[in-house]
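Below is upload.tsv, holding TSV, N, CA and C atoms and all ligand atoms.
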```
chain	number	residue	atom	x	y	z
A	1	MET	N	-8.56	14.70	6.23
A	1	MET	CA	-7.80	15.71	5.51
A	1	MET	C	-8.70	16.88	5.18
A	2	GLU	N	-8.09	18.04	5.16
A	2	GLU	CA	-8.88	19.23	4.96
A	2	GLU	C	-8.26	20.11	3.89
A	3	TRP	N	-9.12	20.73	3.10
A	3	TRP	CA	-8.62	21.69	2.12
A	3	TRP	C	-8.36	22.99	2.87
A	4	THR	N	-7.15	23.50	2.76
A	4	THR	CA	-6.83	24.76	3.43
A	4	THR	C	-6.33	25.77	2.40
A	5	GLU	N	-6.33	27.03	2.78
A	5	GLU	CA	-5.96	28.11	1.85
A	5	GLU	C	-4.59	27.92	1.19
A	6	ASP	N	-3.67	27.27	1.90
A	6	ASP	CA	-2.34	27.11	1.30
A	6	ASP	C	-2.36	26.16	0.10
A	7	LEU	N	-3.52	25.50	-0.10
A	7	LEU	CA	-3.65	24.63	-1.28
A	7	LEU	C	-4.28	25.37	-2.46
A	8	ALA	N	-4.63	26.64	-2.25
A	8	ALA	CA	-5.29	27.40	-3.31
A	8	ALA	C	-4.36	27.60	-4.51
A	9	VAL	N	-4.90	27.32	-5.70
A	9	VAL	CA	-4.15	27.51	-6.94
A	9	VAL	C	-4.38	28.96	-7.42
A	10	GLY	N	-5.52	29.51	-7.01
A	10	GLY	CA	-5.86	30.88	-7.39
A	10	GLY	C	-6.76	30.97	-8.60
A	11	ILE	N	-7.26	29.83	-9.05
A	11	ILE	CA	-8.22	29.79	-10.16
A	11	ILE	C	-9.50	29.21	-9.55
A	12	ILE	N	-10.53	30.05	-9.46
A	12	ILE	CA	-11.72	29.69	-8.68
A	12	ILE	C	-12.28	28.31	-9.02
A	13	LYS	N	-12.50	28.09	-10.33
A	13	LYS	CA	-13.13	26.83	-10.74
A	13	LYS	C	-12.28	25.61	-10.33
A	14	ILE	N	-10.99	25.72	-10.53
A	14	ILE	CA	-10.09	24.61	-10.18
A	14	ILE	C	-10.06	24.41	-8.67
A	15	ASP	N	-10.01	25.50	-7.91
A	15	ASP	CA	-10.01	25.36	-6.45
A	15	ASP	C	-11.31	24.73	-5.95
A	16	GLU	N	-12.43	25.12	-6.57
A	16	GLU	CA	-13.72	24.52	-6.17
A	16	GLU	C	-13.72	23.02	-6.43
A	17	GLN	N	-13.17	22.63	-7.58
A	17	GLN	CA	-13.13	21.20	-7.91
A	17	GLN	C	-12.19	20.45	-6.98
A	18	HIS	N	-11.09	21.08	-6.61
A	18	HIS	CA	-10.18	20.43	-5.66
A	18	HIS	C	-10.88	20.24	-4.32
A	19	LYS	N	-11.66	21.22	-3.89
A	19	LYS	CA	-12.40	21.09	-2.62
A	19	LYS	C	-13.36	19.91	-2.69
A	20	GLU	N	-14.03	19.79	-3.83
A	20	GLU	CA	-14.96	18.67	-4.01
A	20	GLU	C	-14.19	17.34	-3.95
A	21	LEU	N	-13.02	17.28	-4.57
A	21	LEU	CA	-12.21	16.05	-4.52
A	21	LEU	C	-11.84	15.71	-3.08
A	22	PHE	N	-11.47	16.73	-2.31
A	22	PHE	CA	-11.12	16.50	-0.90
A	22	PHE	C	-12.31	15.94	-0.14
A	23	LYS	N	-13.48	16.52	-0.40
A	23	LYS	CA	-14.69	16.08	0.29
A	23	LYS	C	-14.96	14.61	-0.03
A	24	ARG	N	-14.83	14.27	-1.30
A	24	ARG	CA	-15.12	12.89	-1.71
A	24	ARG	C	-14.06	11.91	-1.21
A	25	ILE	N	-12.82	12.37	-1.11
A	25	ILE	CA	-11.77	11.50	-0.56
A	25	ILE	C	-12.07	11.25	0.92
A	26	ASN	N	-12.53	12.29	1.61
A	26	ASN	CA	-12.91	12.11	3.01
A	26	ASN	C	-14.05	11.12	3.16
A	27	ASP	N	-15.01	11.19	2.24
A	27	ASP	CA	-16.13	10.23	2.27
A	27	ASP	C	-15.59	8.81	2.15
A	28	LEU	N	-14.61	8.65	1.25
A	28	LEU	CA	-14.03	7.31	1.05
A	28	LEU	C	-13.31	6.83	2.31
A	29	LEU	N	-12.47	7.69	2.88
A	29	LEU	CA	-11.72	7.30	4.08
A	29	LEU	C	-12.67	6.93	5.22
A	30	LEU	N	-13.75	7.71	5.34
A	30	LEU	CA	-14.73	7.45	6.38
A	30	LEU	C	-15.43	6.11	6.14
A	31	ALA	N	-15.81	5.88	4.89
A	31	ALA	CA	-16.49	4.62	4.55
A	31	ALA	C	-15.60	3.42	4.86
A	32	ILE	N	-14.31	3.57	4.59
A	32	ILE	CA	-13.37	2.48	4.88
A	32	ILE	C	-13.23	2.31	6.40
A	33	ARG	N	-13.03	3.43	7.09
A	33	ARG	CA	-12.82	3.39	8.54
A	33	ARG	C	-14.02	2.80	9.26
A	34	GLU	N	-15.20	3.16	8.80
A	34	GLU	CA	-16.40	2.65	9.47
A	34	GLU	C	-16.80	1.27	8.95
A	35	GLN	N	-15.95	0.73	8.07
A	35	GLN	CA	-16.18	-0.61	7.52
A	35	GLN	C	-17.57	-0.74	6.91
A	36	ARG	N	-17.91	0.26	6.14
A	36	ARG	CA	-19.20	0.22	5.43
A	36	ARG	C	-19.18	-0.93	4.44
A	37	CYS	N	-20.35	-1.24	3.93
A	37	CYS	CA	-20.45	-2.38	3.02
A	37	CYS	C	-19.68	-2.10	1.72
A	38	ARG	N	-19.33	-3.15	1.08
A	38	ARG	CA	-18.53	-3.09	-0.14
A	38	ARG	C	-19.15	-2.16	-1.19
A	39	ALA	N	-20.46	-2.27	-1.35
A	39	ALA	CA	-21.14	-1.47	-2.38
A	39	ALA	C	-20.92	0.02	-2.13
A	40	GLU	N	-20.95	0.40	-0.87
A	40	GLU	CA	-20.80	1.81	-0.57
A	40	GLU	C	-19.36	2.29	-0.80
A	41	ILE	N	-18.41	1.47	-0.42
A	41	ILE	CA	-17.01	1.82	-0.65
A	41	ILE	C	-16.73	1.87	-2.15
A	42	ASP	N	-17.24	0.90	-2.88
A	42	ASP	CA	-17.06	0.88	-4.33
A	42	ASP	C	-17.65	2.14	-4.96
A	43	LYS	N	-18.78	2.57	-4.45
A	43	LYS	CA	-19.44	3.75	-4.99
A	43	LYS	C	-18.57	4.99	-4.81
A	44	THR	N	-17.94	5.12	-3.63
A	44	THR	CA	-17.11	6.30	-3.39
A	44	THR	C	-15.85	6.26	-4.28
A	45	ILE	N	-15.31	5.08	-4.50
A	45	ILE	CA	-14.12	4.96	-5.37
A	45	ILE	C	-14.51	5.30	-6.81
A	46	GLU	N	-15.66	4.78	-7.22
A	46	GLU	CA	-16.15	5.02	-8.58
A	46	GLU	C	-16.34	6.52	-8.81
A	47	PHE	N	-16.91	7.18	-7.82
A	47	PHE	CA	-17.12	8.62	-7.96
A	47	PHE	C	-15.79	9.35	-8.09
A	48	LEU	N	-14.82	8.97	-7.24
A	48	LEU	CA	-13.50	9.62	-7.28
A	48	LEU	C	-12.85	9.45	-8.65
A	49	ASP	N	-13.06	8.31	-9.23
A	49	ASP	CA	-12.53	8.00	-10.55
A	49	ASP	C	-13.18	8.92	-11.59
A	50	ASP	N	-14.51	8.92	-11.62
A	50	ASP	CA	-15.25	9.74	-12.60
A	50	ASP	C	-14.97	11.23	-12.42
A	51	TYR	N	-15.03	11.67	-11.17
A	51	TYR	CA	-14.87	13.10	-10.93
A	51	TYR	C	-13.46	13.56	-11.28
A	52	ALA	N	-12.48	12.73	-10.97
A	52	ALA	CA	-11.10	13.08	-11.29
A	52	ALA	C	-10.93	13.21	-12.81
A	53	ARG	N	-11.54	12.29	-13.56
A	53	ARG	CA	-11.44	12.37	-15.02
A	53	ARG	C	-12.01	13.68	-15.55
A	54	PHE	N	-13.18	14.03	-15.02
A	54	PHE	CA	-13.84	15.28	-15.41
A	54	PHE	C	-12.94	16.49	-15.05
A	55	HIS	N	-12.44	16.47	-13.82
A	55	HIS	CA	-11.61	17.58	-13.35
A	55	HIS	C	-10.30	17.70	-14.14
A	56	PHE	N	-9.64	16.59	-14.39
A	56	PHE	CA	-8.38	16.62	-15.14
A	56	PHE	C	-8.60	17.15	-16.55
A	57	SER	N	-9.68	16.74	-17.18
A	57	SER	CA	-9.86	17.19	-18.55
A	57	SER	C	-10.15	18.69	-18.57
A	58	GLU	N	-10.86	19.19	-17.57
A	58	GLU	CA	-11.08	20.65	-17.49
A	58	GLU	C	-9.75	21.39	-17.30
A	59	GLU	N	-8.95	20.87	-16.38
A	59	GLU	CA	-7.65	21.49	-16.10
A	59	GLU	C	-6.78	21.50	-17.35
A	60	GLU	N	-6.73	20.35	-18.00
A	60	GLU	CA	-5.86	20.23	-19.18
A	60	GLU	C	-6.34	21.13	-20.32
A	61	GLN	N	-7.65	21.27	-20.44
A	61	GLN	CA	-8.20	22.13	-21.48
A	61	GLN	C	-7.81	23.59	-21.21
A	62	ARG	N	-7.93	23.97	-19.95
A	62	ARG	CA	-7.56	25.31	-19.51
A	62	ARG	C	-6.08	25.59	-19.83
A	63	MET	N	-5.25	24.59	-19.58
A	63	MET	CA	-3.81	24.73	-19.80
A	63	MET	C	-3.49	24.83	-21.29
A	64	GLU	N	-4.22	24.05	-22.06
A	64	GLU	CA	-4.00	24.06	-23.50
A	64	GLU	C	-4.36	25.43	-24.06
A	65	GLU	N	-5.51	25.94	-23.66
A	65	GLU	CA	-5.97	27.26	-24.11
A	65	GLU	C	-4.97	28.34	-23.76
A	66	ALA	N	-4.30	28.17	-22.61
A	66	ALA	CA	-3.37	29.19	-22.14
A	66	ALA	C	-1.96	28.98	-22.71
A	67	GLY	N	-1.80	27.95	-23.55
A	67	GLY	CA	-0.49	27.67	-24.13
A	67	GLY	C	0.55	27.30	-23.08
A	68	TYR	N	0.10	26.57	-22.07
A	68	TYR	CA	0.97	26.24	-20.93
A	68	TYR	C	1.97	25.13	-21.25
A	69	LYS	N	3.24	25.41	-20.97
A	69	LYS	CA	4.29	24.45	-21.30
A	69	LYS	C	4.31	23.22	-20.37
A	70	GLY	N	3.71	23.37	-19.19
A	70	GLY	CA	3.72	22.26	-18.23
A	70	GLY	C	2.63	21.23	-18.48
A	71	LEU	N	1.90	21.38	-19.58
A	71	LEU	CA	0.76	20.49	-19.85
A	71	LEU	C	1.14	19.01	-19.90
A	72	GLN	N	2.25	18.69	-20.57
A	72	GLN	CA	2.63	17.27	-20.69
A	72	GLN	C	2.90	16.65	-19.32
A	73	GLU	N	3.61	17.38	-18.47
A	73	GLU	CA	3.90	16.89	-17.11
A	73	GLU	C	2.59	16.69	-16.35
A	74	GLN	N	1.66	17.62	-16.52
A	74	GLN	CA	0.34	17.49	-15.87
A	74	GLN	C	-0.34	16.21	-16.32
A	75	LYS	N	-0.33	15.99	-17.64
A	75	LYS	CA	-1.00	14.80	-18.17
A	75	LYS	C	-0.39	13.54	-17.60
A	76	LEU	N	0.94	13.52	-17.48
A	76	LEU	CA	1.62	12.35	-16.92
A	76	LEU	C	1.18	12.11	-15.48
A	77	GLN	N	1.16	13.19	-14.70
A	77	GLN	CA	0.77	13.04	-13.29
A	77	GLN	C	-0.69	12.64	-13.13
A	78	HIS	N	-1.54	13.20	-13.98
A	78	HIS	CA	-2.96	12.83	-13.92
A	78	HIS	C	-3.13	11.34	-14.22
A	79	ALA	N	-2.35	10.85	-15.17
A	79	ALA	CA	-2.42	9.42	-15.52
A	79	ALA	C	-2.00	8.55	-14.33
A	80	VAL	N	-1.04	9.03	-13.54
A	80	VAL	CA	-0.60	8.28	-12.36
A	80	VAL	C	-1.76	8.16	-11.36
A	81	TYR	N	-2.48	9.25	-11.17
A	81	TYR	CA	-3.61	9.21	-10.24
A	81	TYR	C	-4.65	8.19	-10.70
A	82	LEU	N	-4.96	8.19	-11.99
A	82	LEU	CA	-5.98	7.26	-12.50
A	82	LEU	C	-5.50	5.82	-12.33
A	83	LYS	N	-4.20	5.62	-12.46
A	83	LYS	CA	-3.62	4.29	-12.23
A	83	LYS	C	-3.76	3.92	-10.74
A	84	ASN	N	-3.51	4.89	-9.87
A	84	ASN	CA	-3.64	4.66	-8.42
A	84	ASN	C	-5.07	4.28	-8.05
A	85	ILE	N	-6.02	4.98	-8.65
A	85	ILE	CA	-7.43	4.70	-8.36
A	85	ILE	C	-7.78	3.29	-8.84
A	86	ALA	N	-7.24	2.91	-9.99
A	86	ALA	CA	-7.49	1.56	-10.51
A	86	ALA	C	-6.93	0.52	-9.53
A	87	GLU	N	-5.77	0.81	-8.97
A	87	GLU	CA	-5.16	-0.09	-7.99
A	87	GLU	C	-6.03	-0.19	-6.72
A	88	LEU	N	-6.55	0.96	-6.32
A	88	LEU	CA	-7.43	0.99	-5.14
A	88	LEU	C	-8.69	0.17	-5.40
A	89	LYS	N	-9.24	0.33	-6.59
A	89	LYS	CA	-10.43	-0.44	-6.99
A	89	LYS	C	-10.14	-1.92	-6.91
A	90	HIS	N	-8.96	-2.29	-7.39
A	90	HIS	CA	-8.57	-3.69	-7.37
A	90	HIS	C	-8.48	-4.19	-5.93
A	91	GLN	N	-7.80	-3.43	-5.08
A	91	GLN	CA	-7.66	-3.84	-3.66
A	91	GLN	C	-9.01	-3.97	-2.98
A	92	ALA	N	-9.91	-3.02	-3.30
A	92	ALA	CA	-11.22	-3.03	-2.66
A	92	ALA	C	-12.04	-4.24	-3.12
A	93	SER	N	-11.67	-4.79	-4.28
A	93	SER	CA	-12.44	-5.90	-4.83
A	93	SER	C	-11.96	-7.26	-4.29
A	94	LEU	N	-10.82	-7.27	-3.59
A	94	LEU	CA	-10.29	-8.53	-3.08
A	94	LEU	C	-11.14	-9.02	-1.91
A	95	PRO	N	-11.13	-10.32	-1.65
A	95	PRO	CA	-11.89	-10.83	-0.52
A	95	PRO	C	-11.42	-10.16	0.77
A	96	ARG	N	-12.34	-9.81	1.62
A	96	ARG	CA	-11.99	-9.10	2.85
A	96	ARG	C	-11.68	-10.06	3.99
A	97	GLU	N	-10.56	-9.77	4.61
A	97	GLU	CA	-10.22	-10.52	5.82
A	97	GLU	C	-10.12	-9.50	6.96
A	98	SER	N	-9.90	-9.98	8.15
A	98	SER	CA	-9.79	-9.01	9.25
A	98	SER	C	-8.52	-8.18	9.03
A	99	GLY	N	-8.59	-6.92	9.37
A	99	GLY	CA	-7.46	-6.04	9.16
A	99	GLY	C	-7.46	-5.43	7.77
A	100	MET	N	-8.36	-5.91	6.94
A	100	MET	CA	-8.45	-5.46	5.56
A	100	MET	C	-8.76	-3.97	5.48
A	101	SER	N	-9.67	-3.50	6.31
A	101	SER	CA	-10.07	-2.12	6.19
A	101	SER	C	-8.89	-1.21	6.55
A	102	TYR	N	-8.06	-1.68	7.46
A	102	TYR	CA	-6.87	-0.89	7.81
A	102	TYR	C	-5.95	-0.80	6.60
A	103	GLU	N	-5.71	-1.92	5.97
A	103	GLU	CA	-4.83	-1.93	4.79
A	103	GLU	C	-5.37	-1.06	3.66
A	104	LEU	N	-6.67	-1.17	3.45
A	104	LEU	CA	-7.30	-0.39	2.39
A	104	LEU	C	-7.17	1.10	2.70
A	105	SER	N	-7.32	1.42	3.96
A	105	SER	CA	-7.23	2.82	4.35
A	105	SER	C	-5.81	3.35	4.18
A	106	VAL	N	-4.81	2.50	4.47
A	106	VAL	CA	-3.41	2.90	4.28
A	106	VAL	C	-3.14	3.12	2.79
A	107	THR	N	-3.60	2.21	1.96
A	107	THR	CA	-3.41	2.35	0.51
A	107	THR	C	-4.09	3.62	0.01
A	108	ALA	N	-5.33	3.81	0.44
A	108	ALA	CA	-6.07	5.00	-0.02
A	108	ALA	C	-5.33	6.26	0.37
A	109	THR	N	-4.81	6.27	1.58
A	109	THR	CA	-4.10	7.46	2.05
A	109	THR	C	-2.84	7.68	1.24
A	110	GLN	N	-2.10	6.61	1.03
A	110	GLN	CA	-0.84	6.77	0.31
A	110	GLN	C	-1.04	7.16	-1.15
A	111	ILE	N	-1.95	6.46	-1.82
A	111	ILE	CA	-2.00	6.68	-3.26
A	111	ILE	C	-2.98	7.76	-3.70
A	112	VAL	N	-3.91	8.13	-2.85
A	112	VAL	CA	-4.85	9.17	-3.26
A	112	VAL	C	-4.57	10.48	-2.52
A	113	VAL	N	-4.54	10.41	-1.19
A	113	VAL	CA	-4.35	11.63	-0.40
A	113	VAL	C	-2.97	12.24	-0.65
A	114	ASP	N	-1.93	11.44	-0.52
A	114	ASP	CA	-0.58	11.98	-0.72
A	114	ASP	C	-0.41	12.51	-2.14
A	115	TRP	N	-0.97	11.77	-3.09
A	115	TRP	CA	-0.83	12.21	-4.48
A	115	TRP	C	-1.46	13.58	-4.68
A	116	ILE	N	-2.68	13.74	-4.20
A	116	ILE	CA	-3.39	15.00	-4.51
A	116	ILE	C	-2.74	16.20	-3.83
A	117	VAL	N	-2.32	16.03	-2.59
A	117	VAL	CA	-1.69	17.15	-1.88
A	117	VAL	C	-0.40	17.53	-2.60
A	118	ASN	N	0.40	16.53	-2.90
A	118	ASN	CA	1.66	16.76	-3.59
A	118	ASN	C	1.45	17.40	-4.98
A	119	HIS	N	0.45	16.88	-5.69
A	119	HIS	CA	0.18	17.38	-7.04
A	119	HIS	C	-0.28	18.85	-7.01
A	120	ILE	N	-1.17	19.17	-6.10
A	120	ILE	CA	-1.66	20.55	-6.04
A	120	ILE	C	-0.52	21.49	-5.63
A	121	MET	N	0.20	21.11	-4.59
A	121	MET	CA	1.25	21.98	-4.06
A	121	MET	C	2.38	22.21	-5.07
A	122	ASN	N	2.80	21.15	-5.75
A	122	ASN	CA	3.99	21.26	-6.59
A	122	ASN	C	3.73	21.43	-8.08
A	123	THR	N	2.53	21.11	-8.52
A	123	THR	CA	2.30	21.13	-9.96
A	123	THR	C	1.16	22.08	-10.36
A	124	ASP	N	-0.02	21.92	-9.75
A	124	ASP	CA	-1.13	22.80	-10.11
A	124	ASP	C	-0.84	24.26	-9.76
A	125	LYS	N	-0.17	24.46	-8.65
A	125	LYS	CA	0.11	25.84	-8.24
A	125	LYS	C	0.97	26.58	-9.26
A	126	LEU	N	1.84	25.85	-9.94
A	126	LEU	CA	2.69	26.48	-10.96
A	126	LEU	C	1.84	27.04	-12.09
A	127	PHE	N	0.75	26.34	-12.40
A	127	PHE	CA	-0.14	26.82	-13.45
A	127	PHE	C	-0.85	28.10	-12.99
A	128	GLY	N	-1.22	28.15	-11.73
A	128	GLY	CA	-1.84	29.37	-11.18
A	128	GLY	C	-0.90	30.55	-11.32
A	129	VAL	N	0.36	30.32	-11.02
A	129	VAL	CA	1.38	31.38	-11.12
A	129	VAL	C	1.51	31.82	-12.58
A	130	TYR	N	1.56	30.82	-13.47
A	130	TYR	CA	1.71	31.10	-14.91
A	130	TYR	C	0.52	31.95	-15.41
A	131	LEU	N	-0.70	31.57	-15.02
A	131	LEU	CA	-1.88	32.31	-15.47
A	131	LEU	C	-1.87	33.75	-14.96
A	132	ARG	N	-1.47	33.92	-13.72
A	132	ARG	CA	-1.42	35.28	-13.17
A	132	ARG	C	-0.41	36.14	-13.90
A	133	GLN	N	0.73	35.53	-14.25
A	133	GLN	CA	1.76	36.29	-14.99
A	133	GLN	C	1.25	36.64	-16.39
A	134	LEU	N	0.53	35.68	-16.98
A	134	LEU	CA	-0.01	35.87	-18.33
A	134	LEU	C	-1.01	37.02	-18.35
A	135	ASN	N	-1.80	37.10	-17.29
A	135	ASN	CA	-2.85	38.13	-17.23
A	135	ASN	C	-2.38	39.44	-16.62
A	136	ALA	N	-1.13	39.47	-16.18
A	136	ALA	CA	-0.65	40.69	-15.50
A	136	ALA	C	-0.39	41.82	-16.49
B	201	FE	FE	-3.59	18.90	-12.11
```
Show the structure stored in the file as structure tokens.
Amino acid sequence: MEWTEDLAVGIIKIDEQHKELFKRINDLLLAIREQRCRAEIDKTIEFLDDYARFHFSEEEQRMEEAGYKGLQEQKLQHAVYLKNIAELKHQASLPRESGMSYELSVTATQIVVDWIVNHIMNTDKLFGVYLRQLNA
């Protein structure tokens, strides 16, 4: 997956953090695909968890400062992502059998990749629009 201009929210710091999230998600997908050792896969999931928490709190703080009405919806969606990551962590911790890496990769794609693209396109972008109107 690649970060492309159509995913731009228009807020430099947020876009930079989204790019970093994409990079780290790619690291995870690659680690799963190449069937890297458990420790390495766990490390990439752990990072995605930590970085997402940091990123969400920055986003939410920005929204709060701007008096943004969509903040509650954002918080709900961010909580879903953290739940998804917890689920991924759980799956990655199960005993591995053959075909496991395929399943893990499908889960990762569904619950992390689909979530982030959908969230940026339909939710974060609205905040970008709101900020531009506020500053116009
Ligand atoms: Fe967000």
>> With only C-alpha atoms as the counted atoms, please give the residues lying no more than 7 Å from segment 42-59 of chain A, apart from itself and same-chain residues fewer than 5 positions off, as a list in words.
In response: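 What passes the distance filter is Gln17, Arg24, Asp27, Leu28, His78, Leu82, Ile85 and Lys89 of chain A.
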> If you measure from atom CA of Glu73 of chain A to atom C of Ala136 of chain A, what distance in Å do you get, rounded to one decimal?
Replying inline: 25.3 Å
> Between A:Lys83, A:Arg33, A:Arg132, A:Lys75, which one has atoms that come closest to ligand FE 201 (chain B), using only N, CA and C atoms and all ligand atoms?
Replying inline: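 Under the stated criterion, the closest residue is A:Lys75.
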Shell of 6 Å around ligand FE 201 (chain B) (only N, CA and C atoms and all ligand atoms), written as a compact mmCIF listing (two decimals) with N, CA and C atoms, in the coordinates of the input:
```
# COMPACT_ATOMS: atom_id res chain seq x y z
N GLN A 74 1.66 17.62 -16.52
CA GLN A 74 0.34 17.49 -15.87
C GLN A 74 -0.34 16.21 -16.32
N THR A 123 2.53 21.11 -8.52
CA THR A 123 2.30 21.13 -9.96
C THR A 123 1.16 22.08 -10.36
N ASP A 124 -0.02 21.92 -9.75
CA ASP A 124 -1.13 22.80 -10.11
C ASP A 124 -0.84 24.26 -9.76
```
>> Env of Ile11 of chain A: 10 Å cut, atoms = only C-alpha atoms, seq-sep filter 5 positions within chain, self excluded. Answer as a VMD selection string.
In response: chain A and resid 16 124 to 125 127 to 129 131 to 132
> In Å, how far is it from atom CA of Ser105 of chain A to atom CA of Lys13 of chain A?
Replying inline: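 We find that atom CA of Ser105 of chain A and atom CA of Lys13 of chain A lie 29.0 Å from each other.
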